[in-house]
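Shown next: model-v2.cif, given as mmCIF, C-alpha atoms.
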```
data_upload
loop_
_atom_site.label_atom_id
_atom_site.label_comp_id
_atom_site.auth_asym_id
_atom_site.auth_seq_id
_atom_site.Cartn_x
_atom_site.Cartn_y
_atom_site.Cartn_z
CA MET A 272 54.45 98.03 182.60
CA GLU A 273 53.23 100.56 180.05
CA GLN A 274 49.75 100.73 181.58
CA ARG A 275 51.26 102.09 184.79
CA ILE A 276 53.19 104.96 183.23
CA ILE A 277 51.58 105.83 179.88
CA SER A 278 49.11 108.35 181.33
CA ASN A 279 51.86 110.53 182.82
CA THR A 280 53.89 110.19 179.63
CA ILE A 281 51.00 111.50 177.52
CA ASP A 282 50.52 114.49 179.83
CA ASN A 283 54.24 115.20 179.73
CA PHE A 284 54.34 115.24 175.92
CA VAL A 285 51.14 117.27 175.55
CA LYS A 286 52.54 119.87 177.96
CA ALA A 287 55.92 120.02 176.18
CA ILE A 288 54.28 120.43 172.77
CA GLU A 289 51.93 123.13 174.04
CA GLU A 290 54.64 125.11 175.85
CA SER A 291 57.10 124.94 172.94
CA LYS A 292 54.36 126.12 170.55
CA ILE A 293 55.39 123.73 167.79
CA LYS A 294 52.99 122.11 165.37
CA ALA A 295 52.95 118.42 166.25
CA GLN A 296 50.70 115.40 166.54
CA LEU A 297 51.31 112.78 169.21
CA LEU A 298 50.74 109.18 168.11
CA ILE A 299 50.44 106.44 170.74
CA VAL A 300 51.11 103.07 169.12
CA THR A 301 50.00 99.93 170.96
CA THR A 302 49.90 96.31 169.79
CA ASN A 303 47.63 93.30 170.09
CA LYS A 304 50.71 91.35 171.18
CA GLU A 305 50.16 92.82 174.62
CA LYS A 306 46.96 90.77 175.02
CA LYS A 307 49.09 87.61 175.09
CA LEU A 308 51.45 89.01 177.69
CA ILE A 309 49.10 90.29 180.41
CA ASP A 310 46.22 88.70 182.30
CA SER A 311 43.97 91.73 182.18
CA ASP A 312 41.56 93.55 179.91
CA ASP A 313 43.21 96.84 180.87
CA THR A 314 45.69 96.86 178.02
CA THR A 315 47.65 99.98 177.17
CA TYR A 316 45.23 100.55 174.30
CA GLU A 317 42.23 100.58 176.65
CA VAL A 318 44.01 102.79 179.20
CA VAL A 319 44.93 105.35 176.55
CA LYS A 320 41.50 105.21 174.90
CA LYS A 321 39.79 106.05 178.20
CA LYS A 322 42.26 108.85 178.95
CA LEU A 323 41.89 110.57 175.58
CA ALA A 324 38.13 110.70 176.06
CA THR A 325 38.43 112.68 179.29
CA SER A 326 39.52 116.06 177.90
CA SER A 327 39.67 118.16 174.73
CA LYS A 328 43.32 118.93 175.45
CA TYR A 329 44.11 115.54 173.91
CA LYS A 330 42.61 116.49 170.53
CA ASN A 331 46.02 116.24 168.85
CA VAL A 332 46.77 112.83 170.33
CA LYS A 333 45.96 109.87 168.10
CA LEU A 334 45.77 106.24 169.21
CA LEU A 335 46.91 103.51 166.83
CA ASN A 336 46.85 99.78 167.51
CA TYR A 337 49.11 97.46 165.55
CA PRO A 338 46.74 94.54 164.86
CA ALA A 339 49.22 91.64 164.81
CA TYR A 340 49.79 89.36 167.80
CA SER A 341 53.52 89.17 167.05
CA GLY A 342 56.22 91.51 165.85
CA MET A 343 58.73 94.00 167.25
CA MET A 344 58.93 97.71 167.87
CA ALA A 345 59.96 98.27 164.24
CA HIS A 346 56.65 96.76 163.06
CA GLN A 347 54.74 99.26 165.20
CA LEU A 348 56.85 102.15 163.95
CA ASN A 349 56.29 101.18 160.33
CA PHE A 350 52.57 100.84 161.03
CA ALA A 351 52.54 104.40 162.38
CA LEU A 352 54.59 105.62 159.41
CA GLN A 353 52.08 104.19 156.95
CA ALA A 354 49.22 105.85 158.82
CA ILE A 355 51.00 109.21 158.64
CA ILE A 356 51.77 108.89 154.95
CA LYS A 357 48.19 107.84 154.22
CA ASN A 358 46.88 111.04 155.78
CA ASN A 359 49.65 113.28 154.40
CA LYS A 360 50.17 112.69 150.71
CA ASN A 361 52.64 115.54 150.23
CA VAL A 362 55.45 115.14 152.77
CA ASP A 363 57.71 118.20 152.93
CA LYS A 364 61.32 118.48 154.07
CA LYS A 365 60.41 120.17 157.32
CA SER A 366 58.43 117.34 158.90
CA TYR A 367 59.95 114.85 161.33
CA PHE A 368 59.07 111.41 162.66
CA ALA A 369 60.14 111.28 166.32
CA VAL A 370 60.41 108.06 168.33
CA TYR A 371 60.05 107.81 172.11
CA ASN A 372 59.25 105.06 174.61
CA ALA A 373 56.35 104.73 177.02
CA ASP A 374 58.63 105.81 179.88
CA SER A 375 60.18 108.76 178.03
CA ASN A 376 60.16 112.16 179.64
CA ILE A 377 60.85 115.31 177.59
CA THR A 378 60.61 119.04 178.22
CA LYS A 379 59.73 121.99 176.05
CA GLN A 380 63.46 122.73 175.87
CA THR A 381 63.98 119.53 173.89
CA LEU A 382 61.55 120.70 171.22
CA ILE A 383 62.82 124.28 171.25
CA ASN A 384 66.42 123.11 170.83
CA MET A 385 65.33 120.72 168.10
CA CYS A 386 63.75 123.62 166.20
CA LYS A 387 66.92 125.70 166.61
CA LEU A 388 68.96 122.82 165.24
CA CYS A 389 66.63 122.58 162.25
CA GLN A 390 67.24 126.25 161.49
CA THR A 391 71.03 126.20 161.94
CA LYS A 392 71.54 122.95 160.03
CA SER A 393 68.84 123.42 157.36
CA PHE A 394 66.61 120.60 158.55
CA PRO A 395 69.10 117.72 158.84
CA LEU A 396 68.05 114.15 158.07
CA ILE A 397 68.78 112.83 161.56
CA MET A 398 68.69 114.41 165.01
CA GLN A 399 69.01 112.54 168.29
CA GLU A 400 68.23 113.35 171.89
CA TYR A 401 70.26 111.07 174.16
CA ALA A 402 69.02 109.75 177.47
CA ALA A 403 70.06 109.70 181.09
CA PHE A 404 68.56 106.71 182.88
CA PHE A 405 67.89 108.54 186.12
CA LYS A 406 64.09 108.62 186.22
CA ASN A 407 63.90 105.84 188.84
CA LEU A 408 67.41 106.29 190.22
CA LYS A 409 66.36 106.86 193.83
CA SER A 410 64.52 103.54 194.00
CA LEU A 411 67.47 101.45 192.77
CA SER A 412 70.02 99.49 194.77
CA PRO A 413 73.63 100.79 194.79
CA LEU A 414 74.63 98.21 192.15
CA MET A 415 71.73 99.10 189.82
CA LYS A 416 72.46 102.80 190.33
CA GLY A 417 75.95 102.01 189.06
CA PHE A 418 74.49 100.38 185.98
CA ALA A 419 72.23 103.39 185.37
CA ILE A 420 75.34 105.59 185.30
CA PHE A 421 77.20 103.05 183.14
CA GLN A 422 74.45 103.01 180.49
CA THR A 423 74.11 106.80 180.59
CA ASN A 424 77.85 107.10 180.04
CA PHE A 425 77.59 104.90 176.94
CA GLU A 426 74.82 107.10 175.52
CA PHE A 427 76.80 110.29 176.00
CA THR A 428 80.25 108.93 175.12
CA ASN A 429 79.37 107.04 171.95
CA GLY A 430 76.32 109.09 171.09
CA PHE A 431 76.25 112.71 172.16
CA THR A 432 79.99 113.39 172.50
CA ASN A 433 80.94 111.73 169.21
CA GLY A 434 77.99 113.33 167.46
CA PHE A 435 78.99 116.70 168.89
CA THR A 436 82.61 116.28 167.76
CA ASN A 437 81.46 115.07 164.36
CA GLY A 438 78.89 117.75 163.70
CA PHE A 439 79.64 120.77 165.85
CA THR A 440 82.28 122.98 167.35
CA ASN A 441 81.64 125.62 170.00
CA GLY A 442 78.10 124.31 170.19
CA PHE A 443 77.37 125.29 173.77
CA THR A 444 77.96 129.00 173.31
CA ASN A 445 78.70 130.16 169.79
CA GLY A 446 76.26 128.26 167.58
CA PHE A 447 77.13 125.42 165.25
CA THR A 448 79.89 125.03 162.68
CA ASN A 449 81.59 122.13 160.90
CA GLY A 450 82.83 119.12 162.84
CA ILE A 451 86.40 118.82 164.05
CA LEU A 452 86.98 115.15 163.21
CA PHE A 453 86.00 113.23 160.09
CA SER A 454 82.82 111.32 160.84
CA LYS A 455 83.86 107.86 159.66
CA PHE A 456 86.38 107.53 162.49
CA LEU A 457 83.77 107.97 165.21
CA ARG A 458 81.36 105.37 166.58
CA ASN A 459 78.27 107.50 167.06
CA HIS A 460 74.81 105.99 166.87
CA VAL A 461 71.08 106.55 166.98
CA VAL A 462 68.84 105.15 169.68
CA GLY A 463 65.27 103.88 169.47
CA HIS A 464 64.09 106.69 171.74
CA GLY A 465 64.72 110.40 171.27
CA LEU A 466 65.24 109.83 167.53
CA PHE A 467 64.11 112.52 165.08
CA ILE A 468 64.28 111.40 161.45
CA ARG A 469 63.06 113.58 158.61
CA LEU A 470 59.81 112.13 157.33
CA ASP A 471 60.65 112.30 153.63
CA TYR A 472 63.95 110.48 154.29
CA LEU A 473 62.28 107.80 156.40
CA GLN A 474 59.80 107.27 153.58
CA LYS A 475 62.67 107.10 151.07
CA ILE A 476 64.49 104.34 152.99
CA ARG A 477 61.17 102.49 153.46
CA GLY A 478 60.93 102.77 157.19
CA PHE A 479 62.67 100.68 159.83
CA THR A 480 64.18 97.25 159.29
CA THR A 481 62.40 94.23 160.74
CA ASP A 482 65.23 91.82 159.90
CA TYR A 483 67.09 92.44 163.17
CA TRP A 484 66.02 92.66 166.79
CA CYS A 485 67.37 96.18 167.31
CA GLU A 486 66.31 98.46 164.47
CA ASP A 487 68.38 101.34 165.89
CA ILE A 488 71.67 99.40 165.67
CA TYR A 489 70.94 98.56 162.03
CA LEU A 490 69.91 102.15 161.30
CA SER A 491 73.14 103.47 162.83
CA PHE A 492 75.14 101.24 160.48
CA PHE A 493 72.94 102.19 157.51
CA LEU A 494 73.43 105.91 158.19
CA ARG A 495 77.19 105.57 158.52
CA SER A 496 77.40 103.55 155.29
CA HIS A 497 75.66 106.46 153.53
CA ASP A 498 77.69 109.12 155.37
CA VAL A 499 74.58 110.60 156.96
CA LYS A 500 75.47 112.66 160.01
CA ILE A 501 73.68 112.29 163.34
CA TYR A 502 73.18 115.66 164.99
CA PRO A 503 72.71 115.59 168.79
CA ILE A 504 70.00 117.73 170.33
CA PHE A 505 71.23 119.78 173.27
CA ALA A 506 68.80 118.36 175.79
CA VAL A 507 68.40 115.24 177.92
CA GLU A 508 65.62 112.67 177.91
CA TYR A 509 65.10 110.97 181.26
CA GLY A 510 64.28 107.26 181.08
CA GLU A 511 64.05 104.40 183.55
CA SER A 512 66.89 102.00 184.26
CA PRO A 513 66.39 98.25 184.89
CA LYS A 514 65.44 97.58 188.51
CA ASN A 515 67.40 94.33 188.90
CA LEU A 516 70.21 92.31 187.34
CA LYS A 517 67.90 89.79 185.67
CA ILE A 518 66.09 92.47 183.66
CA LEU A 519 69.37 94.21 182.80
CA MET A 520 71.00 90.95 181.70
CA LYS A 521 68.17 90.08 179.30
CA GLN A 522 67.94 93.64 177.97
CA ASN A 523 71.67 93.80 177.28
CA ALA A 524 71.63 90.34 175.72
CA THR A 525 69.07 91.60 173.19
CA TRP A 526 71.28 94.54 172.27
CA PHE A 527 74.39 92.39 172.06
CA LYS A 528 72.78 89.92 169.67
CA THR A 529 72.23 92.58 167.01
CA LEU A 530 75.60 94.19 167.77
CA PHE A 531 77.30 90.83 167.17
CA GLU A 532 75.45 90.50 163.85
CA ASN A 533 77.16 93.54 162.36
CA GLY A 534 79.03 91.31 159.93
CA LYS A 535 75.70 90.20 158.52
CA ILE A 536 74.46 93.80 158.44
CA TYR A 537 77.62 94.79 156.54
CA SER A 538 77.06 91.98 154.03
CA ASP A 539 73.49 93.15 153.51
CA LEU A 540 74.56 96.76 153.01
CA VAL A 541 77.42 96.11 150.55
CA LYS A 542 74.86 94.67 148.15
CA LYS A 543 73.51 98.21 147.87
CA HIS A 544 75.15 101.42 146.72
CA ILE A 545 77.03 102.53 149.85
CA ASP A 546 80.30 104.13 150.91
CA ARG A 547 82.28 100.95 151.60
CA THR A 548 85.12 102.77 153.35
CA SER A 549 82.74 104.30 155.88
CA ALA A 550 80.85 101.03 156.27
CA PHE A 551 83.97 98.93 156.82
CA SER A 552 85.48 101.36 159.34
CA TYR A 553 82.19 101.33 161.21
CA LEU A 554 82.14 97.51 161.12
CA ILE A 555 85.59 97.41 162.72
CA ASN A 556 84.47 99.91 165.34
CA GLN A 557 81.35 97.88 166.12
CA TYR A 558 83.28 94.64 166.53
CA ARG A 559 85.85 96.45 168.66
CA GLY A 560 83.02 97.63 170.88
CA ALA A 561 81.41 94.19 171.00
CA PHE A 562 84.62 92.42 172.00
CA ALA A 563 85.47 95.13 174.55
CA TRP A 564 82.02 94.74 176.11
CA LEU A 565 82.37 90.95 176.17
CA PHE A 566 85.95 90.55 177.40
CA LEU A 567 87.32 93.69 179.09
CA PRO A 568 85.35 93.45 182.38
CA THR A 569 86.53 89.86 182.88
CA LEU A 570 90.09 90.82 181.94
CA TYR A 571 90.16 93.58 184.56
CA LEU A 572 88.82 91.20 187.21
CA ALA A 573 91.30 88.49 186.21
CA ILE A 574 94.26 90.87 186.51
CA ILE A 575 93.13 92.09 189.93
CA PHE A 576 92.61 88.58 191.32
CA TYR A 577 95.81 87.27 189.72
CA LEU A 578 97.96 89.97 191.30
CA PHE A 579 96.50 89.40 194.75
CA LEU A 580 96.69 85.60 194.44
CA LEU A 581 100.37 85.93 193.58
CA GLY A 582 100.80 87.91 196.74
CA ASN A 583 101.84 91.02 194.84
CA TRP A 584 99.73 93.28 197.01
CA GLN A 585 101.55 96.48 196.12
CA LEU A 586 101.06 96.10 192.37
CA GLY A 587 97.52 94.80 192.90
CA ILE A 588 96.55 97.86 194.96
CA ILE A 589 98.13 100.22 192.41
CA PHE A 590 96.25 98.55 189.54
CA LEU A 591 92.95 98.54 191.46
CA PHE A 592 93.34 102.19 192.47
CA SER A 593 94.25 103.20 188.91
CA TYR A 594 91.22 101.38 187.54
CA ILE A 595 88.79 102.92 190.06
CA ALA A 596 90.26 106.42 189.62
CA THR A 597 90.17 106.47 185.81
CA THR A 598 86.70 104.92 185.47
CA THR A 599 85.24 107.08 188.23
CA ILE A 600 86.53 110.22 186.51
CA ARG A 601 85.07 109.07 183.20
CA TYR A 602 81.63 108.42 184.68
CA TRP A 603 81.75 111.68 186.66
CA LEU A 604 82.38 113.57 183.41
CA SER A 605 79.34 112.01 181.73
CA ASN A 606 77.26 112.95 184.79
CA ARG A 607 78.55 116.49 184.42
CA ILE A 608 77.50 116.58 180.76
CA VAL A 609 73.99 115.56 181.80
CA GLU A 610 73.98 118.42 184.31
CA LEU A 611 75.02 120.95 181.69
CA LEU A 612 72.44 119.78 179.17
CA SER A 613 69.55 119.46 181.61
CA HIS A 614 70.40 122.58 183.67
CA ASN A 615 69.70 120.51 186.77
CA THR A 616 72.12 119.92 189.62
CA MET A 617 72.86 116.24 190.08
CA GLN A 618 73.38 115.07 193.65
CA SER A 619 76.21 112.68 194.60
CA LYS A 620 77.86 112.70 191.16
CA LEU A 621 81.17 111.34 192.46
CA TYR A 622 79.55 108.61 194.56
CA LEU A 623 77.39 107.45 191.63
CA ALA A 624 80.42 107.43 189.34
CA PHE A 625 82.24 105.33 191.93
CA LEU A 626 79.35 102.82 191.93
CA ALA A 627 79.49 102.66 188.13
CA SER A 628 83.17 101.70 188.21
CA PHE A 629 82.21 98.54 190.14
CA ALA A 630 79.12 97.84 188.03
CA TYR A 631 81.33 97.86 184.95
CA LEU A 632 83.27 94.84 186.25
CA ILE A 633 80.21 92.63 185.68
CA SER A 634 78.72 94.61 182.79
CA ASN A 635 79.32 91.72 180.38
CA ILE A 636 76.65 89.49 181.94
CA GLY A 637 74.29 90.43 179.10
CA PRO A 638 76.71 89.51 176.28
CA LEU A 639 77.63 86.26 178.07
CA TYR A 640 73.95 85.38 178.50
CA SER A 641 73.40 86.13 174.81
CA LEU A 642 76.16 83.73 173.71
CA LEU A 643 75.07 80.98 176.12
CA ASN A 644 71.41 81.20 175.04
CA PRO A 645 71.49 81.66 171.24
CA LYS A 646 67.94 80.34 170.69
CA ARG A 647 66.18 82.62 173.15
CA LYS A 648 63.38 84.93 172.04
CA LYS A 649 63.69 88.71 171.97
CA TYR A 650 63.21 90.16 175.43
CA LYS A 651 60.84 93.08 175.86
CA THR A 652 62.18 95.45 178.49
CA GLU A 653 60.01 95.72 181.57
CA ARG A 654 58.91 99.28 182.35
#
```

Turn this file's structure into structure tokens for me.
Amino acid sequence: MEQRIISNTIDNFVKAIEESKIKAQLLIVTTNKEKKLIDSDDTTYEVVKKKLATSSKYKNVKLLNYPAYSGMMAHQLNFALQAIIKNNKNVDKKSYFAVYNADSNITKQTLINMCKLCQTKSFPLIMQEYAAFFKNLKSLSPLMKGFAIFQTNFEFTNGFTNGFTNGFTNGFTNGFTNGILFSKFLRNHVVGHGLFIRLDYLQKIRGFTTDYWCEDIYLSFFLRSHDVKIYPIFAVEYGESPKNLKILMKQNATWFKTLFENGKIYSDLVKKHIDRTSAFSYLINQYRGAFAWLFLPTLYLAIIFYLFLLGNWQLGIIFLFSYIATTTIRYWLSNRIVELLSHNTMQSKLYLAFLASFAYLISNIGPLYSLLNPKRKKYKTER
């Protein structure tokens, strides 16, 4: 729960801002909705309020409370945006609105690299720091460790790697130049944590959508339909991974619902002035991803069981070995990328990648749960 971790998160951000020497204000946004969800007067708002009163080092930390007893993360973000605009009438093209979660963990290097990116790319509209879900890795079971690697791989395959290919070449050593593959053929995306969006642009597009459960999935589609590039920040945010299958299933079901509504998002966007070629190619990519997430794990399992049931042990072993080898290599590579970006040595990379190859075989439990429970309410991830 946020009350348990928010204090350390605030200290982490204050330290990163101070050490990077950037000009920034930290806004903590809570909501009255929390009062309905917990049986305690110690809400996140009260915890933060007490903490900020303990030291002058929190003078640049501001506490906002979204007053409604309903709503989603996008409502809180828009509430914060309005507060910023109210106090800053003249928004320049060098100010950014950054979004992080209560369990986010950044370093000064994130902010330093973000500033470098601003200089080399003339203050781009969108920058994104992608996450590795390793913050609680040691406390997880082998299966949930596999899922932590699986989700991290998605972030860095569809997010960082595609964004890097789209926006940079020779980025690790020789600075930044033009991309090496036309952007509309890549399925890169923004995420609702680690997102840096230029404040004047966010104001122009009127904030975040509240029409869909996952505002980041909609925003990714919106950006692609307007050919806005997403530039990855060369750093890693460390977040927590779900501690059990039940939490993971409900979390993934929430994501899948919005992902499966991309046809509706496309219909909404074509009513506006957009690049239809980019939007349609992205729609195809999104549906390809949705169907792969829903069906491929079951297909792999069906093939494995079918071969062994037929008694074709030789072919079954070859297929199983090929699957484990190729997926383990893929997940090992994403672990290696995290190492390079974080400058931290990761223990047991190969073993964790091996666990992820097995976690993948049941990774469609979230999409299946989403389809079987269409009338469920949006699930708020436990932290």

Subject >> Residue with smallest distance to Asp374 of chain A - pool A:Ile476, A:Ala402, A:Leu567, A:Val318, counting only C-alpha atoms >> reply: A:Ala402

Residues near Asn533 of chain A, anyone? I mean within 10 Å using all atoms listed in the file, not counting same-chain ones fewer than 2 positions away, as a PDB file with C-alpha atoms, in the coordinates of the input.
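Result file is selection_24.pdb:
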```
ATOM      1  CA  ILE A 488      71.670  99.400 165.670  1.00  0.00           C
ATOM      2  CA  TYR A 489      70.940  98.560 162.030  1.00  0.00           C
ATOM      3  CA  PHE A 492      75.140 101.240 160.480  1.00  0.00           C
ATOM      4  CA  LYS A 528      72.780  89.920 169.670  1.00  0.00           C
ATOM      5  CA  THR A 529      72.230  92.580 167.010  1.00  0.00           C
ATOM      6  CA  LEU A 530      75.600  94.190 167.770  1.00  0.00           C
ATOM      7  CA  PHE A 531      77.300  90.830 167.170  1.00  0.00           C
ATOM      8  CA  LYS A 535      75.700  90.200 158.520  1.00  0.00           C
ATOM      9  CA  ILE A 536      74.460  93.800 158.440  1.00  0.00           C
ATOM     10  CA  TYR A 537      77.620  94.790 156.540  1.00  0.00           C
ATOM     11  CA  SER A 538      77.060  91.980 154.030  1.00  0.00           C
ATOM     12  CA  ASP A 539      73.490  93.150 153.510  1.00  0.00           C
ATOM     13  CA  TYR A 553      82.190 101.330 161.210  1.00  0.00           C
ATOM     14  CA  LEU A 554      82.140  97.510 161.120  1.00  0.00           C
ATOM     15  CA  ILE A 555      85.590  97.410 162.720  1.00  0.00           C
ATOM     16  CA  GLN A 557      81.350  97.880 166.120  1.00  0.00           C
ATOM     17  CA  TYR A 558      83.280  94.640 166.530  1.00  0.00           C
ATOM     18  CA  ALA A 561      81.410  94.190 171.000  1.00  0.00           C
TER      19      ALA A 561
END
```

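Across the structure, atom CA of Ser641 of chain A and atom CA of Tyr483 of chain A are spaced 14.7 Å apart.
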
Original post:
Using all atoms listed in the file, which residues sit within 10 Å of Leu411 of chain A once same-chain residues fewer than 4 positions away are excluded, as a ChimeraX atom specification?
Top reply: /A:405,407,415-419,512-515

Subject >> Given the PyMOL selection byres ((chain A and resi 549-552) around 10), the residues it picks as number ranges by chain >> reply: A: 454-458, 492-498, 534, 536-537, 540-541, 545-548, 553-557

Put those residues in a file: C-alpha atoms, as a PDB file, keeping the file's coordinate frame.
```pdb
ATOM      1  CA  SER A 454      82.820 111.320 160.840  1.00  0.00           C
ATOM      2  CA  LYS A 455      83.860 107.860 159.660  1.00  0.00           C
ATOM      3  CA  PHE A 456      86.380 107.530 162.490  1.00  0.00           C
ATOM      4  CA  LEU A 457      83.770 107.970 165.210  1.00  0.00           C
ATOM      5  CA  ARG A 458      81.360 105.370 166.580  1.00  0.00           C
ATOM      6  CA  PHE A 492      75.140 101.240 160.480  1.00  0.00           C
ATOM      7  CA  PHE A 493      72.940 102.190 157.510  1.00  0.00           C
ATOM      8  CA  LEU A 494      73.430 105.910 158.190  1.00  0.00           C
ATOM      9  CA  ARG A 495      77.190 105.570 158.520  1.00  0.00           C
ATOM     10  CA  SER A 496      77.400 103.550 155.290  1.00  0.00           C
ATOM     11  CA  HIS A 497      75.660 106.460 153.530  1.00  0.00           C
ATOM     12  CA  ASP A 498      77.690 109.120 155.370  1.00  0.00           C
ATOM     13  CA  GLY A 534      79.030  91.310 159.930  1.00  0.00           C
ATOM     14  CA  ILE A 536      74.460  93.800 158.440  1.00  0.00           C
ATOM     15  CA  TYR A 537      77.620  94.790 156.540  1.00  0.00           C
ATOM     16  CA  LEU A 540      74.560  96.760 153.010  1.00  0.00           C
ATOM     17  CA  VAL A 541      77.420  96.110 150.550  1.00  0.00           C
ATOM     18  CA  ILE A 545      77.030 102.530 149.850  1.00  0.00           C
ATOM     19  CA  ASP A 546      80.300 104.130 150.910  1.00  0.00           C
ATOM     20  CA  ARG A 547      82.280 100.950 151.600  1.00  0.00           C
ATOM     21  CA  THR A 548      85.120 102.770 153.350  1.00  0.00           C
ATOM     22  CA  TYR A 553      82.190 101.330 161.210  1.00  0.00           C
ATOM     23  CA  LEU A 554      82.140  97.510 161.120  1.00  0.00           C
ATOM     24  CA  ILE A 555      85.590  97.410 162.720  1.00  0.00           C
ATOM     25  CA  ASN A 556      84.470  99.910 165.340  1.00  0.00           C
ATOM     26  CA  GLN A 557      81.350  97.880 166.120  1.00  0.00           C
TER      27      GLN A 557
END
```

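Comparing A:Phe579, A:Trp564, A:Phe479, A:Tyr337 by their smallest distance to Leu632 of chain A, the closest is A:Trp564 (using only C-alpha atoms).
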
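Computed from the coordinates, the atom CA of Ser393 of chain A to atom CA of Lys379 of chain A distance equals 20.8 Å.
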
**OP:** Any chance you could resolve the PyMOL selection byres ((chain A and resi 474) around 12) against this file and give the residues as number ranges by chain?
**Re:** A: 348-349, 351-357, 359-364, 366-368, 396, 468-473, 475-479

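Using only C-alpha atoms, the shortest contact distance between Lys307 of chain A and any of A:Ser634, A:Ser341, A:Ser412, A:Thr280 is found at A:Ser341.
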
Original post:
Which residue, A:Ser593, A:Asn606, A:Gln422, A:Thr480, has the smallest gap to Asn523 of chain A when you use all atoms listed in the file?
Top reply: A:Gln422

**OP:** Considering all atoms listed in the file, state which residue in the set A:Phe425, A:Phe592, A:Phe394, A:Phe505 is at the smallest distance from Tyr631 of chain A.
**Re:**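 Distance minimum relative to Tyr631 of chain A lands on A:Phe425.
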
Original post:
Of the candidates A:Met617, A:Ala287, A:Ile633, A:Ile595, which one gets nearest to Leu570 of chain A if we count all atoms listed in the file?
Top reply: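 Checking each of A:Met617, A:Ala287, A:Ile633, A:Ile595 against Leu570 of chain A, counting all atoms listed in the file, the winner is A:Ile633.
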
Subject >> Expected answer as a PyMOL selection string: all residues with atoms within 12 Å of (89.0, 92.1, 184.7), only C-alpha atoms >> reply: chain A and resi 563-578+590-591+594+628-635

Run the PyMOL selection byres ((chain A and resi 647) around 12) mentally over the shown coordinates, then write out the matched residues as an mmCIF file with C-alpha atoms, in the frame of the given file, using the chain letters and numbers from the document.
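Now in expr_9.cif:
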```
data_model
loop_
_atom_site.group_PDB
_atom_site.id
_atom_site.type_symbol
_atom_site.label_atom_id
_atom_site.label_comp_id
_atom_site.auth_asym_id
_atom_site.auth_seq_id
_atom_site.Cartn_x
_atom_site.Cartn_y
_atom_site.Cartn_z
ATOM 1 C CA TRP A 484 66.020 92.660 166.790
ATOM 2 C CA LYS A 521 68.170 90.080 179.300
ATOM 3 C CA ALA A 524 71.630 90.340 175.720
ATOM 4 C CA THR A 525 69.070 91.600 173.190
ATOM 5 C CA LYS A 528 72.780 89.920 169.670
ATOM 6 C CA TYR A 640 73.950 85.380 178.500
ATOM 7 C CA SER A 641 73.400 86.130 174.810
ATOM 8 C CA LEU A 642 76.160 83.730 173.710
ATOM 9 C CA LEU A 643 75.070 80.980 176.120
ATOM 10 C CA ASN A 644 71.410 81.200 175.040
ATOM 11 C CA PRO A 645 71.490 81.660 171.240
ATOM 12 C CA LYS A 646 67.940 80.340 170.690
ATOM 13 C CA LYS A 648 63.380 84.930 172.040
ATOM 14 C CA LYS A 649 63.690 88.710 171.970
ATOM 15 C CA TYR A 650 63.210 90.160 175.430
#
```

**OP:** Would you mind listing what lies within 10 Å of Leu611 of chain A as number ranges by chain, with all atoms listed in the file counted and same-chain residues fewer than 4 positions away left out?
**Re:** A: 443, 505-507, 605-607, 615-617

**OP:** Name all residues at most 10 Å from Asn279 of chain A (count only C-alpha atoms; drop same-chain ones fewer than 4 positions away) and give them as a ChimeraX atom specification.
**Re:** /A:275,283-285,373-376

Please produce an output containing C-alpha atoms for each residue in the selection, written as a PDB file, in the frame of the given file.
```pdb
ATOM      1  CA  ARG A 275      51.260 102.090 184.790  1.00  0.00           C
ATOM      2  CA  ASN A 283      54.240 115.200 179.730  1.00  0.00           C
ATOM      3  CA  PHE A 284      54.340 115.240 175.920  1.00  0.00           C
ATOM      4  CA  VAL A 285      51.140 117.270 175.550  1.00  0.00           C
ATOM      5  CA  ALA A 373      56.350 104.730 177.020  1.00  0.00           C
ATOM      6  CA  ASP A 374      58.630 105.810 179.880  1.00  0.00           C
ATOM      7  CA  SER A 375      60.180 108.760 178.030  1.00  0.00           C
ATOM      8  CA  ASN A 376      60.160 112.160 179.640  1.00  0.00           C
TER       9      ASN A 376
END
```

**OP:** Please measure the separation of atom CA of Met344 of chain A and atom CA of Thr315 of chain A, giving the value in Å to one decimal.
**Re:**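 For atom CA of Met344 of chain A relative to atom CA of Thr315 of chain A, the distance reads 14.8 Å.
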
Can you report as lines of an AutoDock Vina configuration file the centre and edge lengths in Å, to one decimal, of an axis-aligned box around the listed atoms of segment 459-468 of chain A padded with 5 Å on each side?
```
center_x = 71.2
center_y = 108.2
center_z = 166.6
size_x = 24.2
size_y = 18.6
size_z = 20.3
```
